[in-house]
Amino acid sequence: MIRWQRNGFLGFLVAALAIAPAALAQTMDTPASHAVIMDHETGAILYSKKGAEPMIPASMTKMMTAYLVFDLVSRGELSMTDKFTVSENAWRKGGFPSGTSTMGLVPKDTPTVEELLHGVIIMSGNDACIVLAEGIAGSEEAFAGMMTQRAHELGLKSANFLNATGLEAVGHVISAEDLAKLAKLTIDNYPEYYGWYDDPSYSWREFTQPNRNPLLEITGADGVKTGHLEMSGYGLTGSAERDGVRRTIVINGLESKAARAAEAERLMRVAFQSYDLKTILADGVSLPDLPVWLGKEKSVPVRLEQDFRLVGHKAALEKAHSEIVLPGPLSAPISKGAVLGKLVVTIDGQEPVETPIIADADIGRLGFMGRAIEGLSQMISGGDEGS
């Protein structure tokens with residue numbers, strides 16, 4: 001393995017990035033016990049505080065409840081106009097008698113799937129979740145099993161759902177990073193339904209419940225879901241889009257509604273102001289020629305195979321470093337366009353970003369005499385170095 005390293009963007013990437021010097025931000029922190037900032041387009045995790053650690057999601061669980069129903073509708077296994085009857089169990093566990101978030105359903109009501117989804121998404125109705133679960137899977141426990149299985153299929157490996165509501169259950173968990181990914185999946189795969197998360201309120205008969213997401217009051221915010229249990233604190237998964245850029249945050253473990261609202265607003269502001277998305281044009285990166293063994297030319301010009309993107313905290317981008325990594329010495333012949341190695345950009349707190357490096361010219365192999373002379377030259381050179 002051969003490496004050519006440059007520290008900072010004043011190395012290989014200076015022409016491509018042209019980042020102006022700036023005061024470096026202090027390491028960011030948050031009073032939330034768990035927090036994540038994610039760039040939507042790339043899916044890159046920009047900031048994480050215990051982001052990969054399974055946590056209690058409370059009503060943020062309902063994002064997965066709704067997603068599974070969206071899946072079933074999209075596959076034709078369920079219709080938005082299908083009706084389910086409200087059971088005594090759903091009323092007692094999630095209706096007014098429960099003292100928890102409710103849609104206000106009563107036994108024998110027959111809401112449609114679409115009405116129930118509005119109850120889940122906007123009103124955070126536990127009764128609506130249970131009615132959907134019982135109507136689809138026969139029981140809430142069976143539906144929770146479907147939720148976990150589907151989450152794992154989507155790559156949300158931290159998820160373990162024991163109910164459809166997010167009400168207290170030991171072992172009912174998912175990570176903040178996976179909640180951010182679930183928000184991205186919802187936005188990308190079901191844009192026709194994602195708009196419901198932005199609705200300011202919903203009414204079931206005489207009962208009206210406002211959307212509890214405090215982020216909806218700030219510019220560009222359009223989702224997604226709050227959560228609260230005594231054992232988990234106050235949490236929120238939020239997403240916003242500004243000037244074509246979308247960022248998603250997840251926070252949990254705040255001590256009050258007010259603290260959740262303030263920290264959500266602050267973290268979303270930081271997500272847009274302190275983090276950057278850079279498109280690196282292949283033609284804008286100047287790479288050094290690489291030495292070639294037994295070639296008619298001593299070196300080969302190289303370039304990036306394609307444009308690529310970097311996302312990160314502006315301070316971290318300023319301090320990032322890049323290096324060329326080759327699997328070993330380059331030997332002729334080399335064809336123009338052949339992949340020779342990769343450019344690796346390392347940004348603090350993130351997985352390295354890699355992009356292929358290709359030859360920008362054909363390099364022929366020396367003939368027999370040329371190879372013999374080159375070999376003799378190397379032997380002489382090696383002898384001098386050892387004396």
# chains A, B, ... in the order shown; residues from 1 in each chain; ligands from 1

call {"tool": "closest_atom_pairs", "arguments": {"of": "segment 268-337 of chain A", "to": "segment 244-255 of chain A", "cutoff": "12 Å", "atoms": "only C-alpha atoms", "output": "JSON lines"}}
result
{"residue": "A:Met268", "atom": "CA", "partner": "A:Ile249", "partner_atom": "CA", "distance": 6.7}
{"residue": "A:Arg269", "atom": "CA", "partner": "A:Arg247", "partner_atom": "CA", "distance": 9.9}
{"residue": "A:Val270", "atom": "CA", "partner": "A:Arg247", "partner_atom": "CA", "distance": 10.2}
{"residue": "A:Ala271", "atom": "CA", "partner": "A:Arg247", "partner_atom": "CA", "distance": 6.6}
{"residue": "A:Phe272", "atom": "CA", "partner": "A:Arg247", "partner_atom": "CA", "distance": 7.3}
{"residue": "A:Gln273", "atom": "CA", "partner": "A:Arg247", "partner_atom": "CA", "distance": 11.0}
{"residue": "A:Ser274", "atom": "CA", "partner": "A:Arg247", "partner_atom": "CA", "distance": 11.8}
{"residue": "A:Tyr275", "atom": "CA", "partner": "A:Arg247", "partner_atom": "CA", "distance": 9.8}
{"residue": "A:Asp276", "atom": "CA", "partner": "A:Val245", "partner_atom": "CA", "distance": 9.9}
{"residue": "A:Leu277", "atom": "CA", "partner": "A:Val245", "partner_atom": "CA", "distance": 8.8}
{"residue": "A:Lys278", "atom": "CA", "partner": "A:Val245", "partner_atom": "CA", "distance": 11.7}
{"residue": "A:Val311", "atom": "CA", "partner": "A:Arg247", "partner_atom": "CA", "distance": 11.4}
{"residue": "A:Gly312", "atom": "CA", "partner": "A:Arg247", "partner_atom": "CA", "distance": 12.0}

call {"tool": "write_last_selection", "arguments": {"atoms": "C-alpha atoms", "output": "mmCIF file, in the first residue's frame"}}
result
data_model
loop_
_atom_site.group_PDB
_atom_site.id
_atom_site.type_symbol
_atom_site.label_atom_id
_atom_site.label_comp_id
_atom_site.auth_asym_id
_atom_site.auth_seq_id
_atom_site.Cartn_x
_atom_site.Cartn_y
_atom_site.Cartn_z
ATOM 1 C CA MET A 268 -31.527 22.981 13.193
ATOM 2 C CA ARG A 269 -29.973 26.435 12.921
ATOM 3 C CA VAL A 270 -26.535 24.905 13.522
ATOM 4 C CA ALA A 271 -27.282 22.205 10.948
ATOM 5 C CA PHE A 272 -27.623 24.820 8.220
ATOM 6 C CA GLN A 273 -25.170 27.474 9.405
ATOM 7 C CA SER A 274 -22.243 25.410 10.675
ATOM 8 C CA TYR A 275 -22.259 22.485 8.269
ATOM 9 C CA ASP A 276 -21.435 22.584 4.593
ATOM 10 C CA LEU A 277 -21.947 20.465 1.489
ATOM 11 C CA LYS A 278 -19.184 20.790 -1.102
ATOM 12 C CA VAL A 311 -20.283 17.131 3.894
ATOM 13 C CA GLY A 312 -19.173 18.188 7.337
#

call {"tool": "residues_around", "arguments": {"residues": "Trp204 of chain A", "least_positions_apart": "3", "cutoff": "7 Å", "atoms": "only C-alpha atoms", "output": "PDB file with N, CA and C atoms, in the first residue's frame"}}
result
ATOM      1  N   MET A 103     -56.498  10.128  19.635  1.00  0.00           N
ATOM      2  CA  MET A 103     -57.243  10.676  18.510  1.00  0.00           C
ATOM      3  C   MET A 103     -58.679  10.969  18.920  1.00  0.00           C
ATOM      4  N   GLY A 104     -59.100  10.397  20.047  1.00  0.00           N
ATOM      5  CA  GLY A 104     -60.459  10.606  20.529  1.00  0.00           C
ATOM      6  C   GLY A 104     -61.452   9.591  19.999  1.00  0.00           C
ATOM      7  N   PHE A 207     -63.351  16.587  18.246  1.00  0.00           N
ATOM      8  CA  PHE A 207     -62.078  16.677  18.952  1.00  0.00           C
ATOM      9  C   PHE A 207     -60.974  17.112  17.995  1.00  0.00           C
ATOM     10  N   THR A 208     -60.312  18.229  18.331  1.00  0.00           N
ATOM     11  CA  THR A 208     -59.220  18.752  17.503  1.00  0.00           C
ATOM     12  C   THR A 208     -57.927  18.752  18.300  1.00  0.00           C
TER      13      THR A 208
END

call {"tool": "residues_around", "arguments": {"residues": "segment 184-192 of chain A", "least_positions_apart": "5", "cutoff": "10 Å", "atoms": "only C-alpha atoms", "output": "ChimeraX atom specification"}}
result
/A:38-41,43,63-64,66-67,70-71,74,154,178-179,223-224,239,246-248

call {"tool": "write_last_selection", "arguments": {"atoms": "N, CA and C atoms", "output": "CSV table (one decimal), in the first residue's frame"}}
result
chain,number,residue,atom,x,y,z
A,38,MET,N,-28.2,15.0,10.3
A,38,MET,CA,-28.0,14.2,9.1
A,38,MET,C,-28.2,15.1,7.9
A,39,ASP,N,-27.3,15.0,6.9
A,39,ASP,CA,-27.5,15.6,5.6
A,39,ASP,C,-28.4,14.7,4.8
A,40,HIS,N,-29.6,15.2,4.3
A,40,HIS,CA,-30.6,14.4,3.7
A,40,HIS,C,-30.1,13.8,2.4
A,41,GLU,N,-29.5,14.6,1.5
A,41,GLU,CA,-29.2,14.1,0.2
A,41,GLU,C,-28.2,13.0,0.2
A,43,GLY,N,-27.1,11.4,3.1
A,43,GLY,CA,-27.3,10.5,4.2
A,43,GLY,C,-26.2,10.5,5.2
A,63,MET,N,-43.4,7.0,13.6
A,63,MET,CA,-42.9,7.2,12.3
A,63,MET,C,-42.8,5.8,11.6
A,64,MET,N,-42.4,4.8,12.4
A,64,MET,CA,-42.3,3.4,11.8
A,64,MET,C,-43.7,2.8,11.6
A,66,ALA,N,-46.4,4.4,10.9
A,66,ALA,CA,-47.0,5.0,9.6
A,66,ALA,C,-46.3,4.5,8.4
A,67,TYR,N,-44.9,4.3,8.5
A,67,TYR,CA,-44.2,3.9,7.3
A,67,TYR,C,-44.6,2.5,6.9
A,70,PHE,N,-47.8,2.8,5.0
A,70,PHE,CA,-47.5,3.3,3.7
A,70,PHE,C,-47.1,2.2,2.8
A,71,ASP,N,-46.2,1.4,3.3
A,71,ASP,CA,-45.7,0.2,2.5
A,71,ASP,C,-46.9,-0.7,2.1
A,74,SER,N,-48.9,1.0,-0.6
A,74,SER,CA,-48.2,1.0,-1.9
A,74,SER,C,-48.1,-0.3,-2.6
A,154,LEU,N,-34.9,-2.5,6.1
A,154,LEU,CA,-34.6,-1.1,5.6
A,154,LEU,C,-33.2,-0.7,6.1
A,178,ASP,N,-30.8,5.8,13.3
A,178,ASP,CA,-31.8,5.1,12.6
A,178,ASP,C,-33.1,5.9,12.4
A,179,LEU,N,-33.5,6.7,13.4
A,179,LEU,CA,-34.7,7.5,13.3
A,179,LEU,C,-34.5,8.6,12.2
A,223,GLY,N,-41.6,18.7,9.2
A,223,GLY,CA,-41.8,17.4,9.9
A,223,GLY,C,-40.7,17.2,11.0
A,224,VAL,N,-40.7,16.1,11.8
A,224,VAL,CA,-41.6,15.0,11.5
A,224,VAL,C,-42.4,14.6,12.8
A,239,SER,N,-37.2,17.8,10.4
A,239,SER,CA,-36.5,17.9,9.1
A,239,SER,C,-36.9,19.3,8.5
A,246,ARG,N,-31.6,20.0,2.5
A,246,ARG,CA,-32.4,19.4,3.6
A,246,ARG,C,-31.5,18.8,4.6
A,247,ARG,N,-31.8,19.2,5.9
A,247,ARG,CA,-31.1,18.6,7.0
A,247,ARG,C,-32.2,18.0,8.0
A,248,THR,N,-31.8,16.9,8.6
A,248,THR,CA,-32.7,16.2,9.6
A,248,THR,C,-31.9,16.2,10.9

call {"tool": "select_by_dssp", "arguments": {"residues": "segment 208-369 of chain A", "states": "strand (DSSP E)", "output": "ChimeraX atom specification"}}
result
/A:208-210,221-229,233-242,245-254,275-280,290-293,299-300,302-304,308-313,321-326,330-331,339-346,353-359

call {"tool": "closest_atom_pairs", "arguments": {"of": "segment 20-106 of chain A", "to": "segment 123-132 of chain A", "cutoff": "12 Å", "atoms": "only C-alpha atoms", "output": "CSV"}}
result
residue,atom,partner,partner_atom,distance
A:Ala58,CA,A:Ser124,CA,10.7
A:Ser59,CA,A:Ser124,CA,7.1
A:Met60,CA,A:Ser124,CA,9.2
A:Thr61,CA,A:Ser124,CA,10.1
A:Lys62,CA,A:Ser124,CA,7.6
A:Met63,CA,A:Ser124,CA,10.0
A:Met64,CA,A:Cys129,CA,10.6
A:Thr65,CA,A:Cys129,CA,7.1
A:Ala66,CA,A:Cys129,CA,8.5
A:Tyr67,CA,A:Cys129,CA,11.9
A:Leu68,CA,A:Leu132,CA,10.4
A:Val69,CA,A:Leu132,CA,8.3
A:Phe70,CA,A:Leu132,CA,11.8
A:Leu72,CA,A:Leu132,CA,11.6
A:Leu78,CA,A:Leu132,CA,10.9
A:Met80,CA,A:Leu132,CA,11.5
A:Asp82,CA,A:Leu132,CA,10.5
A:Lys83,CA,A:Leu132,CA,9.5
A:Phe84,CA,A:Val131,CA,6.8
A:Thr85,CA,A:Val131,CA,7.3
A:Val86,CA,A:Val131,CA,5.8
A:Ser87,CA,A:Val131,CA,7.1
A:Glu88,CA,A:Val131,CA,10.0
A:Asn89,CA,A:Ile130,CA,8.3
A:Ala90,CA,A:Asp127,CA,5.1
A:Trp91,CA,A:Asp127,CA,6.0
A:Arg92,CA,A:Asp127,CA,8.3
A:Lys93,CA,A:Asp127,CA,6.9
A:Gly94,CA,A:Asp127,CA,3.9
A:Gly95,CA,A:Asp127,CA,5.2
A:Phe96,CA,A:Asp127,CA,8.8
A:Pro97,CA,A:Asp127,CA,10.4
A:Ser98,CA,A:Asn126,CA,9.1
A:Gly99,CA,A:Asn126,CA,10.2
A:Thr100,CA,A:Asn126,CA,7.3
A:Ser101,CA,A:Gly125,CA,5.2
A:Thr102,CA,A:Gly125,CA,3.8
A:Met103,CA,A:Gly125,CA,4.5
A:Gly104,CA,A:Asp127,CA,7.6
A:Leu105,CA,A:Asp127,CA,6.7
A:Val106,CA,A:Asp127,CA,8.9

call {"tool": "closest_residue", "arguments": {"among": "A:Thr355, A:Thr219, A:Asn213, A:Ser158", "to": "Leu281 of chain A", "atoms": "only C-alpha atoms"}}
result
A:Thr355

call {"tool": "atom_distance", "arguments": {"atom1": "atom CA of Arg150 of chain A", "atom2": "atom CA of Arg75 of chain A"}}
result
13.7 Å

call {"tool": "closest_residue", "arguments": {"among": "A:Leu46, A:Ile363, A:Thr81, A:Glu217", "to": "Leu310 of chain A", "atoms": "only C-alpha atoms"}}
result
A:Leu46

call {"tool": "select_by_dssp", "arguments": {"residues": "segment 102-279 of chain A", "states": "alpha helix (DSSP H)", "output": "PyMOL selection string"}}
result
chain A and resi 113-121+126-137+140-153+176-189+191-194+257-273

call {"tool": "atom_distance", "arguments": {"atom1": "atom CA of Gly220 of chain A", "atom2": "atom CA of Glu265 of chain A"}}
result
11.7 Å
